[in-house]
Amino acid sequence: MKTLFVVAFLGLIVYNLGAALYYMLVDRGQSKRAVNALTWRIGLSIALIGMVAAGIATGLIQPHGVGT
C-alpha cells in the first residue's frame, strides 16, 4: 500500500511535468498554465519528500541500505 501511494505521487509529478511541456509548446508563453503545472509539480515533490521523511521518523517506513 505504501509503495502504491508513492508510485501514485510520482505519477502525478510526471503528469504535471508533461502538462507543463505541453502548455509551453501550445500556448507559446501567452498563459500561465505551464507555470501553474510546474508549481504543482514542485509542491507534490516537496509533499512526497516530507511524507517519506515523516514515515521514516515515525518508523512506518524502514529504510534499508543499498546492496544489503
# chains A, B, ... in the order shown; residues from 1 in each chain; ligands from 1
>>> select_by_dssp(residues="chain A", states="helix (DSSP H, G or I)", output="PyMOL selection string")
chain A and resi 2-27+33-58
>>> residues_around(residues="range 53-65 of chain A", least_positions_apart="3", cutoff="12 Å", atoms="only C-alpha atoms", output="ChimeraX atom specification")
/A:1-3,6,46-50,68
>>> closest_residue(among="A:Val14, A:Leu25, A:Val52, A:Ala20", to="Thr39 in chain A", atoms="only C-alpha atoms")
A:Ala20
>>> atom_distance(atom1="CA of Gly18 in chain A", atom2="CA of Gly43 in chain A")
15.5 Å
>>> residues_around(residues="Trp40 in chain A", least_positions_apart="2", cutoff="10 Å", atoms="only C-alpha atoms", output="ChimeraX atom specification")
/A:12-13,16-17,20,34-38,42-46
>>> write_last_selection(atoms="C-alpha atoms", output="PDB file, in the first residue's frame")
ATOM      1  CA  LEU A  12       1.116  12.844 -10.623  1.00  0.00           C
ATOM      2  CA  ILE A  13       4.508  14.542 -10.632  1.00  0.00           C
ATOM      3  CA  ASN A  16       2.319  17.699 -14.238  1.00  0.00           C
ATOM      4  CA  LEU A  17       5.752  17.828 -15.845  1.00  0.00           C
ATOM      5  CA  ALA A  20       3.809  21.898 -18.398  1.00  0.00           C
ATOM      6  CA  ALA A  34       2.798  25.978 -17.663  1.00  0.00           C
ATOM      7  CA  VAL A  35       3.837  27.906 -14.554  1.00  0.00           C
ATOM      8  CA  ASN A  36       0.866  26.511 -12.639  1.00  0.00           C
ATOM      9  CA  ALA A  37       1.688  22.934 -13.709  1.00  0.00           C
ATOM     10  CA  LEU A  38       5.315  23.347 -12.645  1.00  0.00           C
ATOM     11  CA  ILE A  42       7.215  21.278  -7.065  1.00  0.00           C
ATOM     12  CA  GLY A  43       4.525  21.202  -4.386  1.00  0.00           C
ATOM     13  CA  LEU A  44       3.863  17.494  -4.922  1.00  0.00           C
ATOM     14  CA  SER A  45       7.599  16.739  -4.842  1.00  0.00           C
ATOM     15  CA  ILE A  46       8.043  18.590  -1.558  1.00  0.00           C
TER      16      ILE A  46
END
>>> decode(residues="chain A", atoms="C-alpha atoms", output="tab-separated table (two decimals), in the first residue's frame")
chain	number	residue	atom	x	y	z
A	1	MET	CA	0.00	0.00	0.00
A	2	LYS	CA	2.86	2.39	0.83
A	3	THR	CA	4.54	1.62	-2.47
A	4	LEU	CA	1.32	2.24	-4.39
A	5	PHE	CA	0.95	5.61	-2.66
A	6	VAL	CA	4.49	6.67	-3.60
A	7	VAL	CA	4.06	5.44	-7.19
A	8	ALA	CA	0.77	7.38	-7.47
A	9	PHE	CA	2.51	10.54	-6.26
A	10	LEU	CA	5.33	10.00	-8.77
A	11	GLY	CA	2.74	9.52	-11.49
A	12	LEU	CA	1.12	12.84	-10.62
A	13	ILE	CA	4.51	14.54	-10.63
A	14	VAL	CA	5.36	13.17	-14.09
A	15	TYR	CA	1.88	14.08	-15.37
A	16	ASN	CA	2.32	17.70	-14.24
A	17	LEU	CA	5.75	17.83	-15.85
A	18	GLY	CA	4.30	16.59	-19.13
A	19	ALA	CA	1.38	19.02	-18.87
A	20	ALA	CA	3.81	21.90	-18.40
A	21	LEU	CA	5.74	20.83	-21.50
A	22	TYR	CA	2.53	20.61	-23.50
A	23	TYR	CA	1.35	24.04	-22.30
A	24	MET	CA	4.72	25.60	-23.15
A	25	LEU	CA	4.53	24.23	-26.69
A	26	VAL	CA	0.85	25.05	-27.29
A	27	ASP	CA	0.41	28.40	-25.50
A	28	ARG	CA	3.76	29.88	-26.57
A	29	GLY	CA	4.02	31.98	-23.41
A	30	GLN	CA	0.56	33.53	-23.64
A	31	SER	CA	-0.84	31.96	-20.45
A	32	LYS	CA	0.35	30.87	-17.04
A	33	ARG	CA	-0.78	27.25	-17.37
A	34	ALA	CA	2.80	25.98	-17.66
A	35	VAL	CA	3.84	27.91	-14.55
A	36	ASN	CA	0.87	26.51	-12.64
A	37	ALA	CA	1.69	22.93	-13.71
A	38	LEU	CA	5.31	23.35	-12.64
A	39	THR	CA	4.20	24.86	-9.33
A	40	TRP	CA	2.01	21.82	-8.69
A	41	ARG	CA	4.95	19.55	-9.56
A	42	ILE	CA	7.22	21.28	-7.07
A	43	GLY	CA	4.53	21.20	-4.39
A	44	LEU	CA	3.86	17.49	-4.92
A	45	SER	CA	7.60	16.74	-4.84
A	46	ILE	CA	8.04	18.59	-1.56
A	47	ALA	CA	4.98	16.87	-0.08
A	48	LEU	CA	6.27	13.43	-1.13
A	49	ILE	CA	9.71	14.06	0.36
A	50	GLY	CA	8.10	15.34	3.57
A	51	MET	CA	5.82	12.30	3.85
A	52	VAL	CA	8.68	9.88	3.27
A	53	ALA	CA	10.79	11.68	5.89
A	54	ALA	CA	7.87	11.63	8.36
A	55	GLY	CA	7.32	7.93	7.65
A	56	ILE	CA	10.96	7.16	8.37
A	57	ALA	CA	10.92	9.31	11.52
A	58	THR	CA	7.81	7.58	12.89
A	59	GLY	CA	9.02	4.11	11.98
A	60	LEU	CA	6.26	3.47	9.45
A	61	ILE	CA	8.86	3.12	6.70
A	62	GLN	CA	12.03	1.13	7.28
A	63	PRO	CA	14.95	2.39	5.21
A	64	HIS	CA	17.49	-0.17	4.02
A	65	GLY	CA	20.99	0.05	2.70
A	66	VAL	CA	21.81	-0.45	-0.93
A	67	GLY	CA	23.17	-3.91	-1.64
A	68	THR	CA	22.48	-5.39	1.80
